[in-house]
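Report on the following structure.
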Amino acid sequence: MHALPNPGEANGSRASLGALLGTAATEVDALSDVAGRLHSLIARHISQGNASEKSIEDAQMIDYLIQHLEALGDFLAQLSCVTPTDVLVDAESARAGVGLADLARRLMGEVAREDVPAGPAGDCELF
């Protein structure tokens, strides 16, 4: 995980590009962790011996996904570190294009909404 400054510290809708890149790196790292958990889950099911060859090949794509997410997170973190602190961007405009409200808040360095209760561990929400 990458500890970076809060991108929302700049005035108005202007925010530090480096901090925004760092926050994006942290989000990508979190996705890599989620993919790792999925990989473990699927590996347990495949190891039971009744998976088709195609299912095994498809499950191996999760490892590919994890490797690429980790590399992308590292790249974004490095960009964050080498971006001059005085480079500001219109973060509000960029945030407007993010369709997930909690993700948009986190990308701007805001804490997730407190009024959305998290379900107890183990709850499964299917779409």
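Ordered as shown in the structure tokens, chains take letters A, B, and onward, while each chain numbers its residues from 1 and ligands are numbered from 1 in the order shown.
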
Mind dumping a table of every range 38-120 of chain A residue within 9 Å of range 19-22 of chain A, with the nearest atom pair and its distance in Å to one decimal, using only C-alpha atoms, sorted by chain and rising number, as a tab-separated table?
residue	atom	partner	partner_atom	distance
A:Gly73	CA	A:Gly22	CA	8.7
A:Leu76	CA	A:Leu21	CA	5.7
A:Ala77	CA	A:Gly22	CA	5.2
A:Gln78	CA	A:Gly22	CA	8.3
A:Leu79	CA	A:Leu21	CA	6.8
A:Ser80	CA	A:Leu21	CA	5.1
A:Cys81	CA	A:Gly22	CA	7.8
A:Thr83	CA	A:Ala19	CA	8.8
A:Thr85	CA	A:Ala19	CA	8.3
A:Ala91	CA	A:Leu20	CA	8.2
A:Leu107	CA	A:Leu20	CA	6.6
A:Met108	CA	A:Leu20	CA	6.9
A:Gly109	CA	A:Leu20	CA	8.1

Within 12 Å of Ser40 in chain A, counting only C-alpha atoms, which residues show up once you throw out same-chain ones fewer than 6 positions away? Write them as a list in words, please.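 In the requested form, the answer reads Asp33, Val34, Ile46, Ser47, Ala59, Gln60, Ile62, Asp63 and Ile66 of chain A.
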
Skip Met61 in chain A itself and residues of its chain fewer than 3 positions away, then list as a PyMOL selection string all residues within 12 Å of it, counting only C-alpha atoms. chain A and resi 35-36+38-39+42-43+54-58+64-68

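The space separating CA of Phe75 in chain A from CA of Glu27 in chain A comes to 12.7 Å.
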
Could you write out, as a ChimeraX atom specification, all the residues of range 57-93 of chain A that DSSP marks as helix (DSSP H, G or I)? /A:57-82,91-93

Rounded to one decimal, what separation in Å do you get between CA of Leu31 in chain A and CA of Gly99 in chain A?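 It comes out at 16.5 Å.
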
What does the distance between CA of Ser32 in chain A and CA of Gly49 in chain A come to in Å, to one decimal place?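 CA of Ser32 in chain A sits 26.4 Å away from CA of Gly49 in chain A.
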
A:Val89, A:Ser52, A:Arg105, A:Glu70 ranked by distance to Leu17 in chain A, top pick (using only C-alpha atoms):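 Nearest to Leu17 in chain A: A:Val89.
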